[in-house]
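Q: Dropping in entry_38.tsv, with TSV, C-alpha atoms.
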```
chain	number	residue	atom	x	y	z
A	8	MET	CA	9.64	9.55	18.30
A	9	THR	CA	7.86	6.39	19.46
A	10	GLU	CA	4.08	6.79	19.29
A	11	LYS	CA	2.66	4.27	21.71
A	12	SER	CA	-0.63	6.15	21.89
A	13	VAL	CA	-1.50	5.23	18.30
A	14	GLU	CA	-0.54	1.58	18.46
A	15	GLU	CA	-3.23	-0.97	19.11
A	16	SER	CA	-3.44	-2.45	22.58
A	17	GLN	CA	-2.02	-5.96	22.73
A	18	LYS	CA	-4.03	-6.90	25.82
A	19	ASP	CA	-5.77	-10.30	25.56
A	20	ILE	CA	-4.62	-10.49	21.95
A	21	ALA	CA	-5.02	-14.27	21.59
A	22	ALA	CA	-8.54	-14.27	23.00
A	23	ARG	CA	-9.58	-11.31	20.86
A	24	ARG	CA	-8.29	-12.95	17.69
A	25	ALA	CA	-9.98	-16.21	18.65
A	26	ARG	CA	-13.29	-14.30	18.84
A	27	GLY	CA	-12.77	-13.03	15.30
A	28	GLU	CA	-11.31	-9.57	15.91
A	29	PHE	CA	-8.51	-8.33	13.69
A	30	VAL	CA	-5.74	-7.13	16.03
A	31	ARG	CA	-2.69	-5.44	14.57
A	32	GLY	CA	0.63	-6.48	16.09
A	33	VAL	CA	3.45	-4.20	17.22
A	34	SER	CA	6.63	-3.75	15.21
A	35	GLY	CA	9.75	-5.18	16.82
A	36	PHE	CA	12.53	-3.04	15.30
A	37	ARG	CA	12.49	0.48	16.75
A	38	SER	CA	15.88	2.15	16.35
A	39	ILE	CA	15.83	5.88	15.63
A	40	LEU	CA	17.67	7.09	12.57
A	41	GLY	CA	19.76	10.16	13.35
A	42	LYS	CA	19.64	9.63	17.12
A	43	ASP	CA	20.88	6.06	17.47
A	44	PRO	CA	24.70	6.25	17.05
A	45	ASP	CA	24.60	3.11	14.91
A	46	PHE	CA	22.35	4.80	12.36
A	47	PRO	CA	23.47	8.36	11.53
A	48	ALA	CA	21.65	10.32	8.83
A	49	GLU	CA	23.84	9.95	5.74
A	50	PRO	CA	23.05	10.17	2.01
A	51	ASP	CA	22.89	6.93	0.00
A	52	ARG	CA	23.08	4.69	3.06
A	53	TYR	CA	19.48	3.66	3.72
A	54	HIS	CA	17.04	1.49	1.82
A	55	LEU	CA	13.31	0.77	1.93
A	56	PHE	CA	11.54	-2.53	1.36
A	57	VAL	CA	7.88	-1.88	0.52
A	58	ALA	CA	4.75	-3.25	-1.15
A	59	LEU	CA	2.68	-0.62	-2.93
A	60	ASN	CA	-0.68	-2.17	-2.07
A	61	CYS	CA	0.10	-1.80	1.65
A	62	PRO	CA	-1.20	1.52	3.07
A	63	TRP	CA	1.46	1.51	5.81
A	64	CYS	CA	4.09	1.31	3.08
A	65	HIS	CA	2.24	4.03	1.18
A	66	ARG	CA	2.84	6.40	4.11
A	67	VAL	CA	6.56	5.79	3.68
A	68	THR	CA	6.74	6.01	-0.12
A	69	LEU	CA	4.68	9.21	0.07
A	70	ALA	CA	7.08	10.78	2.58
A	71	ARG	CA	10.11	9.68	0.55
A	72	SER	CA	8.67	11.20	-2.60
A	73	MET	CA	7.39	14.46	-1.12
A	74	LEU	CA	10.63	15.05	0.79
A	75	GLY	CA	12.71	14.56	-2.35
A	76	LEU	CA	14.57	11.51	-1.07
A	77	GLN	CA	14.10	9.23	-4.08
A	78	ASP	CA	17.75	9.39	-5.13
A	79	SER	CA	19.32	9.06	-1.69
A	80	VAL	CA	17.01	6.50	-0.03
A	81	THR	CA	16.86	3.54	-2.39
A	82	MET	CA	13.82	1.23	-2.54
A	83	ASP	CA	12.69	-2.24	-3.56
A	84	VAL	CA	9.05	-3.04	-4.35
A	85	ALA	CA	7.51	-6.45	-3.64
A	86	PHE	CA	4.81	-8.05	-5.77
A	87	PRO	CA	1.38	-7.15	-4.31
A	88	SER	CA	0.15	-10.75	-3.96
A	89	ARG	CA	1.79	-13.00	-1.36
A	90	THR	CA	3.39	-16.33	-2.15
A	91	THR	CA	1.08	-19.30	-2.64
A	92	GLU	CA	0.87	-22.68	-0.91
A	93	GLU	CA	3.14	-24.06	-3.63
A	94	ASP	CA	6.01	-21.76	-2.72
A	95	PRO	CA	9.21	-23.78	-2.03
A	96	ILE	CA	10.04	-21.75	1.09
A	97	ALA	CA	6.80	-20.50	2.63
A	98	PRO	CA	3.29	-19.38	1.67
A	99	ASN	CA	1.74	-15.99	2.41
A	100	ARG	CA	5.04	-14.06	2.22
A	101	TRP	CA	6.00	-10.83	0.51
A	102	GLU	CA	8.06	-11.67	-2.58
A	103	PHE	CA	10.50	-9.73	-4.77
A	104	ASN	CA	9.68	-11.13	-8.18
A	105	PRO	CA	9.51	-8.58	-11.03
A	106	ALA	CA	8.74	-11.34	-13.56
A	107	ARG	CA	5.61	-12.53	-11.75
A	108	ILE	CA	2.41	-12.10	-13.76
A	109	ALA	CA	-0.43	-10.06	-12.27
A	110	SER	CA	-3.82	-11.63	-12.88
A	111	LEU	CA	-5.37	-8.17	-13.31
A	112	THR	CA	-3.06	-7.05	-16.14
A	113	ARG	CA	-1.89	-10.49	-17.37
A	114	ALA	CA	1.61	-9.04	-17.40
A	115	PRO	CA	4.41	-8.24	-14.95
A	116	LEU	CA	3.99	-5.03	-12.95
A	117	PRO	CA	6.69	-2.53	-13.97
A	118	GLU	CA	7.08	-1.09	-10.46
A	119	CYS	CA	8.13	-4.45	-8.96
A	120	THR	CA	11.84	-5.02	-8.41
A	121	ASP	CA	14.39	-7.58	-7.35
A	122	GLU	CA	15.81	-7.29	-3.85
A	123	THR	CA	18.86	-5.03	-3.96
A	124	GLY	CA	19.23	-3.68	-0.42
A	125	THR	CA	21.08	-6.55	1.26
A	126	GLY	CA	23.35	-7.36	-1.68
A	127	GLN	CA	22.19	-10.99	-1.53
A	128	ASN	CA	19.29	-10.83	-4.02
A	129	LEU	CA	16.91	-12.41	-1.54
A	130	ARG	CA	13.47	-13.38	-2.79
A	131	LEU	CA	11.33	-13.05	0.33
A	132	VAL	CA	11.05	-10.21	2.84
A	133	LYS	CA	11.01	-12.95	5.49
A	134	GLN	CA	14.58	-13.84	4.53
A	135	ILE	CA	15.70	-10.30	5.42
A	136	TYR	CA	14.25	-10.78	8.90
A	137	ASP	CA	15.83	-14.24	9.11
A	138	LEU	CA	19.25	-12.60	8.85
A	139	GLU	CA	18.38	-10.77	12.09
A	140	GLY	CA	17.03	-13.88	13.79
A	141	SER	CA	13.53	-12.40	13.78
A	142	ASP	CA	10.18	-14.13	13.21
A	143	GLU	CA	8.64	-10.98	11.73
A	144	ALA	CA	7.83	-10.70	8.03
A	145	SER	CA	6.12	-7.34	7.50
A	146	VAL	CA	6.75	-4.31	5.33
A	147	PRO	CA	7.75	-1.51	5.29
A	148	VAL	CA	11.34	-1.98	6.41
A	149	LEU	CA	13.96	0.75	6.72
A	150	TYR	CA	17.32	-0.96	6.19
A	151	ASP	CA	20.92	0.18	6.66
A	152	LYS	CA	23.01	-0.97	3.70
A	153	LYS	CA	26.27	-0.19	5.52
A	154	THR	CA	25.75	-2.27	8.67
A	155	LYS	CA	23.36	-4.73	6.95
A	156	ARG	CA	20.77	-4.25	9.69
A	157	ILE	CA	17.11	-3.34	9.97
A	158	VAL	CA	16.67	0.12	11.49
A	159	THR	CA	12.92	-0.01	12.02
A	160	ASN	CA	9.78	-1.59	10.60
A	161	GLU	CA	7.27	0.85	12.12
A	162	SER	CA	5.80	3.00	9.35
A	163	ALA	CA	4.85	5.98	11.52
A	164	GLU	CA	8.37	6.23	12.86
A	165	ILE	CA	9.93	5.88	9.40
A	166	VAL	CA	7.83	8.83	8.20
A	167	ARG	CA	8.83	10.92	11.21
A	168	MET	CA	12.54	10.03	10.78
A	169	LEU	CA	12.61	10.82	7.07
A	170	ASP	CA	11.07	14.20	7.79
A	171	ALA	CA	13.35	15.04	10.72
A	172	GLN	CA	16.53	13.83	9.01
A	173	ALA	CA	15.80	14.89	5.43
A	174	GLU	CA	18.63	17.42	5.26
A	175	GLY	CA	21.20	14.84	6.38
A	176	LEU	CA	19.83	12.18	4.05
A	177	GLU	CA	19.68	14.35	0.95
A	178	ARG	CA	20.91	17.90	0.49
A	179	SER	CA	19.85	18.53	-3.10
A	180	LEU	CA	16.59	20.30	-2.22
A	181	GLU	CA	16.64	23.77	-0.82
A	182	GLY	CA	15.02	23.99	2.59
A	183	LYS	CA	12.27	26.24	1.27
A	184	ASP	CA	11.30	23.59	-1.30
A	185	ARG	CA	11.05	20.72	1.16
A	186	PRO	CA	7.87	20.43	3.26
A	187	ARG	CA	8.07	19.88	7.01
A	188	LEU	CA	5.54	17.23	7.92
A	189	TYR	CA	6.00	17.63	11.68
A	190	PRO	CA	7.63	21.03	12.26
A	191	ALA	CA	10.06	21.39	15.16
A	192	GLY	CA	10.50	24.36	17.47
A	193	ALA	CA	8.52	26.04	20.22
A	194	GLU	CA	6.65	28.17	17.72
A	195	HIS	CA	5.04	25.03	16.28
A	196	GLU	CA	4.04	23.40	19.56
A	197	ALA	CA	0.31	24.00	19.03
A	198	LEU	CA	0.54	22.63	15.49
A	199	ARG	CA	2.31	19.48	16.67
A	200	LYS	CA	-0.40	18.96	19.30
A	201	ASP	CA	-3.06	19.30	16.59
A	202	ILE	CA	-1.20	16.81	14.38
A	203	ASP	CA	-0.84	14.32	17.25
A	204	GLU	CA	-4.56	14.47	18.05
A	205	LEU	CA	-5.47	14.03	14.39
A	206	ASN	CA	-3.03	11.15	14.05
A	207	GLU	CA	-4.75	9.24	16.82
A	208	LEU	CA	-8.23	10.00	15.48
A	209	ILE	CA	-7.22	8.89	11.98
A	210	TYR	CA	-5.34	5.78	13.08
A	211	VAL	CA	-8.11	4.41	15.28
A	212	GLY	CA	-11.09	5.33	13.13
A	213	ILE	CA	-9.72	5.23	9.59
A	214	ASN	CA	-6.33	3.54	9.08
A	215	ASN	CA	-6.71	0.62	11.47
A	216	GLY	CA	-10.49	0.89	11.47
A	217	ALA	CA	-10.63	-0.13	7.81
A	218	TYR	CA	-8.80	-3.35	8.65
A	219	LYS	CA	-11.02	-4.09	11.65
A	220	ALA	CA	-14.03	-3.74	9.38
A	221	GLY	CA	-12.58	-5.74	6.51
A	222	PHE	CA	-10.62	-8.49	8.21
A	223	SER	CA	-12.46	-9.20	11.46
A	224	SER	CA	-14.80	-12.20	11.29
A	225	ASP	CA	-17.08	-11.13	14.14
A	226	GLN	CA	-20.23	-9.23	13.09
A	227	SER	CA	-20.28	-6.95	16.12
A	228	VAL	CA	-16.61	-6.02	15.70
A	229	TYR	CA	-17.25	-5.25	12.03
A	230	GLU	CA	-20.32	-3.12	12.82
A	231	ALA	CA	-18.47	-1.11	15.47
A	232	ALA	CA	-15.54	-0.50	13.11
A	233	PHE	CA	-17.92	0.42	10.26
A	234	ALA	CA	-19.73	2.96	12.44
A	235	LEU	CA	-16.52	4.52	13.75
A	236	TYR	CA	-15.00	4.72	10.27
A	237	PHE	CA	-17.89	6.74	8.87
A	238	ASP	CA	-18.28	8.81	12.04
A	239	THR	CA	-14.62	9.78	11.66
A	240	LEU	CA	-15.11	10.66	8.00
A	241	GLU	CA	-18.00	12.93	9.06
A	242	THR	CA	-15.78	14.59	11.66
A	243	LEU	CA	-13.05	15.25	9.12
A	244	GLU	CA	-15.55	16.45	6.52
A	245	ALA	CA	-16.92	18.96	9.04
A	246	ARG	CA	-13.41	20.08	9.97
A	247	LEU	CA	-12.57	20.91	6.36
A	248	ALA	CA	-15.96	22.51	5.73
A	249	ALA	CA	-15.93	24.75	8.81
A	250	ASP	CA	-13.51	27.33	7.42
A	251	GLY	CA	-12.70	26.07	3.92
A	252	ARG	CA	-9.18	25.07	4.95
A	253	LEU	CA	-7.00	23.42	2.36
A	254	PHE	CA	-5.54	20.74	4.64
A	255	LEU	CA	-6.43	19.15	7.96
A	256	THR	CA	-4.46	21.57	10.12
A	257	GLY	CA	-4.90	24.68	7.97
A	258	SER	CA	-3.15	25.96	4.87
A	259	THR	CA	-0.14	23.59	4.98
A	260	PHE	CA	0.16	19.87	4.25
A	261	THR	CA	1.38	18.01	7.35
A	262	GLU	CA	1.92	14.50	8.67
A	263	ALA	CA	-1.78	14.26	9.53
A	264	ASP	CA	-2.72	14.67	5.87
A	265	LEU	CA	-0.06	12.15	4.89
A	266	ARG	CA	-1.50	9.54	7.28
A	267	LEU	CA	-5.06	10.01	6.05
A	268	PHE	CA	-4.30	9.96	2.33
A	269	PRO	CA	-3.39	6.26	1.79
A	270	THR	CA	-6.69	5.00	3.23
A	271	LEU	CA	-8.89	7.49	1.41
A	272	TYR	CA	-6.95	6.89	-1.83
A	273	ARG	CA	-8.01	3.23	-1.56
A	274	HIS	CA	-11.57	3.73	-0.34
A	275	ASP	CA	-13.68	4.16	-3.48
A	276	PRO	CA	-11.87	1.68	-5.78
A	277	VAL	CA	-10.95	-0.96	-3.17
A	278	TYR	CA	-12.15	-0.59	0.41
A	279	TYR	CA	-15.78	0.17	-0.48
A	280	LEU	CA	-16.07	-3.49	-1.57
A	281	ARG	CA	-13.10	-5.36	-0.12
A	282	MET	CA	-13.33	-3.94	3.41
A	283	LYS	CA	-17.14	-3.91	3.40
A	284	LEU	CA	-17.09	-0.13	3.88
A	285	ASN	CA	-19.99	0.51	1.54
A	286	GLY	CA	-21.67	3.18	3.66
A	287	ALA	CA	-20.56	5.91	1.25
A	288	ARG	CA	-17.80	6.83	-1.17
A	289	ILE	CA	-15.30	9.58	-0.52
A	290	LEU	CA	-16.85	11.15	-3.60
A	291	ASP	CA	-19.99	11.60	-1.48
A	292	TYR	CA	-18.11	13.90	0.93
A	293	PRO	CA	-17.45	17.04	-1.12
A	294	ASN	CA	-14.82	18.57	1.16
A	295	LEU	CA	-12.94	15.32	1.67
A	296	TRP	CA	-13.08	14.61	-2.06
A	297	ARG	CA	-11.65	18.01	-2.92
A	298	TRP	CA	-9.00	17.48	-0.22
A	299	LEU	CA	-8.14	14.08	-1.73
A	300	CYS	CA	-7.78	15.60	-5.20
A	301	ARG	CA	-5.75	18.50	-3.77
A	302	VAL	CA	-3.29	16.12	-2.12
A	303	TYR	CA	-3.10	13.90	-5.21
A	304	ALA	CA	-2.06	16.96	-7.25
A	305	LEU	CA	0.89	17.79	-4.97
A	306	PRO	CA	4.38	17.10	-6.37
A	307	GLY	CA	5.47	13.52	-5.77
A	308	VAL	CA	2.11	12.16	-4.62
A	309	ALA	CA	0.70	10.47	-7.75
A	310	GLU	CA	3.93	8.59	-8.46
A	311	SER	CA	4.28	7.35	-4.87
A	312	ASN	CA	1.80	4.51	-5.42
A	313	ALA	CA	-0.17	2.49	-7.98
A	314	LEU	CA	-3.82	1.48	-7.72
A	315	VAL	CA	-3.11	-1.56	-9.91
A	316	HIS	CA	-1.04	-2.92	-7.02
A	317	CYS	CA	-3.82	-2.13	-4.55
A	318	ARG	CA	-6.45	-3.92	-6.62
A	319	GLN	CA	-4.20	-6.91	-7.27
A	320	GLY	CA	-3.09	-7.17	-3.64
A	321	TYR	CA	-6.43	-6.81	-1.88
A	322	PHE	CA	-8.79	-8.63	-4.23
A	323	GLY	CA	-6.15	-11.22	-5.05
A	324	ARG	CA	-6.50	-12.37	-1.42
A	325	SER	CA	-10.29	-12.60	-1.53
A	326	TRP	CA	-12.07	-15.96	-1.52
A	327	ASN	CA	-12.15	-16.39	-5.30
A	328	ASN	CA	-9.16	-14.21	-6.30
A	329	VAL	CA	-11.26	-12.34	-8.89
A	330	ILE	CA	-10.46	-8.63	-9.17
A	331	PRO	CA	-13.31	-6.16	-9.91
A	332	LEU	CA	-12.75	-3.89	-12.90
A	333	GLY	CA	-14.62	-0.83	-11.60
A	334	PRO	CA	-15.62	1.66	-10.57
A	335	ARG	CA	-16.12	3.29	-13.96
A	336	TYR	CA	-18.70	5.90	-12.97
A	337	PRO	CA	-18.38	8.85	-12.99
A	338	MET	CA	-14.95	7.83	-14.32
A	339	SER	CA	-12.19	5.35	-13.61
A	340	TYR	CA	-9.66	5.68	-10.80
A	341	PRO	CA	-7.09	7.15	-10.25
A	342	GLU	CA	-8.08	9.46	-13.12
A	343	ALA	CA	-11.01	10.63	-10.98
A	344	TYR	CA	-8.55	12.17	-8.51
A	345	LEU	CA	-7.70	14.75	-11.16
A	346	HIS	CA	-11.28	16.06	-11.02
A	347	PRO	CA	-12.25	17.81	-7.78
A	348	GLU	CA	-15.38	19.09	-9.52
A	349	LEU	CA	-16.90	15.58	-9.39
A	350	ALA	CA	-17.90	16.15	-5.76
A	351	ARG	CA	-21.56	16.96	-5.35
```
What would you get if you wrote out this structure as C-alpha cells?
A:
Amino acid sequence: MTEKSVEESQKDIAARRARGEFVRGVSGFRSILGKDPDFPAEPDRYHLFVALNCPWCHRVTLARSMLGLQDSVTMDVAFPSRTTEEDPIAPNRWEFNPARIASLTRAPLPECTDETGTGQNLRLVKQIYDLEGSDEASVPVLYDKKTKRIVTNESAEIVRMLDAQAEGLERSLEGKDRPRLYPAGAEHEALRKDIDELNELIYVGINNGAYKAGFSSDQSVYEAAFALYFDTLETLEARLAADGRLFLTGSTFTEADLRLFPTLYRHDPVYYLRMKLNGARILDYPNLWRWLCRVYALPGVAESNALVHCRQGYFGRSWNNVIPLGPRYPMSYPEAYLHPELAR
C-alpha cells in the first residue's frame, strides 16, 4: 500500500529549500483502512477533509465520486484561499468558512462547507491535527468519525484504499458498475506493473514537477522541472498516439489516468501562467486533449472538482492576488473539456 518510490527524497531537505528548490514533505499519518484493525471498512464511518483547488485532494474526490462513495464517505470542503495575516489563530491555514467571499466571484463558493467530521465545528484544518498532537496542517485527510482519529493524510494511499475497500464502504453499486482503479489478482499483475511505472513517471514529471516549476525560486531548478514536465507530456502523447488507446494502460480507466487528470485539468486555465509552464497547452497535444475530454466525460468526474476553486486558490496566492479571467479562446474552461474536436 505504501508507495515510497513515488515520494520525494527528503535528503538534504533544508539545504535544498535554502537554495530555492520546492521540496514536498512526507505525510505523517499512514494507517491502512481495511487492514489496520482500528480502521475496518464500514459504511458511513469515514470522512474526508479536502480543498478543491488542491490537485492531491482532487485525486481523492475523483476516486470517491467514480467509485460511488459520495453517500457513505462524507466530506467537508475548505475555502480555496488560506487564512490571512489578520487571522486570530494563524495565517496561511486551510479554513472551513462557507460564508467567506471569493474575490473572483464576489460571492461565497457554494461547494465550501463547515467542518462536520469531528463533531466540534472546527474552523481550521490545523485544529484537526492539533487534536492528534501533530504539527501537520495539510489536506486531504481521511478521518474516522467513530474513533475521532486521522487514518491517513497521504492522497495516493487514500485513493488506493477507497478502491480496494469500496465494497465494504458502500454496497449500493453493483460490482460490474464500479471501476477497479488498481485491479487485484494474479491475472492483473502485468497491468499493476504498468500502472506503477506510469504512476512514478507522472508523479515525478507532471504532478510534483508542476510544483517544482511553479514554486521553486531557483532558475536552474525551474528550468529542469519545465523541461521534464514537457518531455513527460510528449512521452504520454506518444503513448496514446501509438495505438489509439483510450486510456493510458489501454481500453480501461485506471489509477494512472486518475493521477494524471488533476494536473492536466489545471494546466491550460491555471498552470500555464501560475506555474510558468507556458511551453504549450494541453490543447496543443491532440491525443492528450482528447484523453482529457474523454476522462472529463466519465460519470462522476466533472462534479468532483471546480475550476473556480482552482483559479481562486492558485492566483489568490500570487504576488498581487489578481485572478486572470481567461482563457477565452477557443472557448472558456471547463466548457472546453466538452469539445474533444478542438484539438488540432
Q: List the spatial neighbours of A:Tyr303 as a list in words - criterion: any atom at most 9 Å away, only C-alpha atoms, same-chain residues fewer than 6 positions off excluded.
A: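 Contacts, with the query itself left out: Phe268, Tyr272, Ala309, Tyr344 and Leu345 of chain A.
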Q: Can you tell me how far atom CA of A:Glu143 sits from atom CA of A:Glu207, in Å to one decimal?
A: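 Computed distance, atom CA of A:Glu143 to atom CA of A:Glu207, equals 24.8 Å.
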Q: For A:Asn128, which residue among A:Asn294, A:Asn285, A:Thr256, A:Asn104 is the nearest when counting all atoms listed in the file?
A: A:Asn104
Q: Report the closest atom pair, with its distance in Å rounded to one decimal, for each residue of stretch 64-175 of chain A that has an atom no farther than 8 Å from stretch 185-203 of chain A; count all atoms listed in the file, sort by chain and then rising residue number, and write it as JSON lines.
A:
```
{"residue": "A:Met73", "atom": "CA", "partner": "A:Pro186", "partner_atom": "CA", "distance": 7.4}
{"residue": "A:Leu74", "atom": "CA", "partner": "A:Arg185", "partner_atom": "CA", "distance": 5.7}
{"residue": "A:Gly75", "atom": "CA", "partner": "A:Arg185", "partner_atom": "CA", "distance": 7.3}
{"residue": "A:Arg167", "atom": "CA", "partner": "A:Tyr189", "partner_atom": "CA", "distance": 7.3}
{"residue": "A:Asp170", "atom": "CA", "partner": "A:Leu188", "partner_atom": "CA", "distance": 6.3}
{"residue": "A:Ala171", "atom": "CA", "partner": "A:Tyr189", "partner_atom": "CA", "distance": 7.9}
```
Q: Could you please take those selected residues and save C-alpha atoms as a PDB file, in the frame of the given file?
A:
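Result went into part.pdb, see below:
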```pdb
ATOM      1  CA  MET A  73       7.390  14.460  -1.120  1.00  0.00           C
ATOM      2  CA  LEU A  74      10.630  15.050   0.790  1.00  0.00           C
ATOM      3  CA  GLY A  75      12.710  14.560  -2.350  1.00  0.00           C
ATOM      4  CA  ARG A 167       8.830  10.920  11.210  1.00  0.00           C
ATOM      5  CA  ASP A 170      11.070  14.200   7.790  1.00  0.00           C
ATOM      6  CA  ALA A 171      13.350  15.040  10.720  1.00  0.00           C
TER       7      ALA A 171
END
```
Q: Can you tell me how far atom CA of A:Cys300 sits from atom CA of A:Ser110, in Å to one decimal?
A: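 So the answer is 28.6 Å.
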Q: Which polymer residues have any atom within 10 Å of an atom of A:Arg246, counting only C-alpha atoms, with same-chain residues fewer than 5 positions away left out, as a ChimeraX atom specification?
A: /A:240-241,251-252,254-257,294-295
Q: Can you work out the spacing between atom CA of A:Ser311 and atom CA of A:Arg266 in Å, to one decimal?
A: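 It comes out at 13.6 Å.
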Q: Taking all atoms listed in the file into account, name the residue in A:Thr81, A:Gln17, A:Ser38, A:Ser88 that is nearest to A:Gln319.
A: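 Closest to A:Gln319, using all atoms listed in the file: A:Ser88.
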Q: Taking (-1.7, -13.5, -4.3) in the coordinates of the supplied file, I want to know which residues reach to within 6 Å of it, counting all atoms listed in the file; could you give the answer as a list in words?
A: Ser88, Arg89, Gly323 and Arg324 of chain A
Q: With only C-alpha atoms as the basis for distance, which of A:Ala220, A:Tyr136, A:Gly175, A:Tyr53 is at the shortest distance from A:Thr123?
A: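 Smallest separation from A:Thr123 among the options: A:Tyr53.
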Q: Would you list the residues near (-12.1, 18.7, -0.5) (no more than 10 Å away, in the coordinates of the file, using only C-alpha atoms) as a list in words?
A: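 Selection result: Glu244, Leu247, Ala248, Gly251, Arg252, Leu253, Phe254, Ile289, Leu290, Tyr292, Pro293, Asn294, Leu295, Trp296, Arg297, Trp298, Leu299, Cys300, Arg301, Val302, Pro347, Glu348 and Ala350 of chain A.
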Q: Work out where the centre of an axis-aligned box around every listed atom of stretch 281-296 of chain A lies and how long its edges are once 5 Å is added on each side; give both in Å to one decimal as JSON.
A:
```
{"center_x": -17.3, "center_y": 6.6, "center_z": 0.1, "size_x": 18.7, "size_y": 33.9, "size_z": 17.5}
```
Q: What's the 7 Å shell around A:Asn312, counting only C-alpha atoms, without same-chain residues fewer than 2 positions away, as number ranges by chain?
A: A: 59, 65, 309-310, 314
Q: Neighbours of A:Arg66 within 7 Å (only C-alpha atoms; same-chain residues fewer than 6 positions away dropped), as a list in words?
A: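 Counting only the stated atoms, we get Ser162, Val166, Leu265, Arg266 and Pro269 of chain A.
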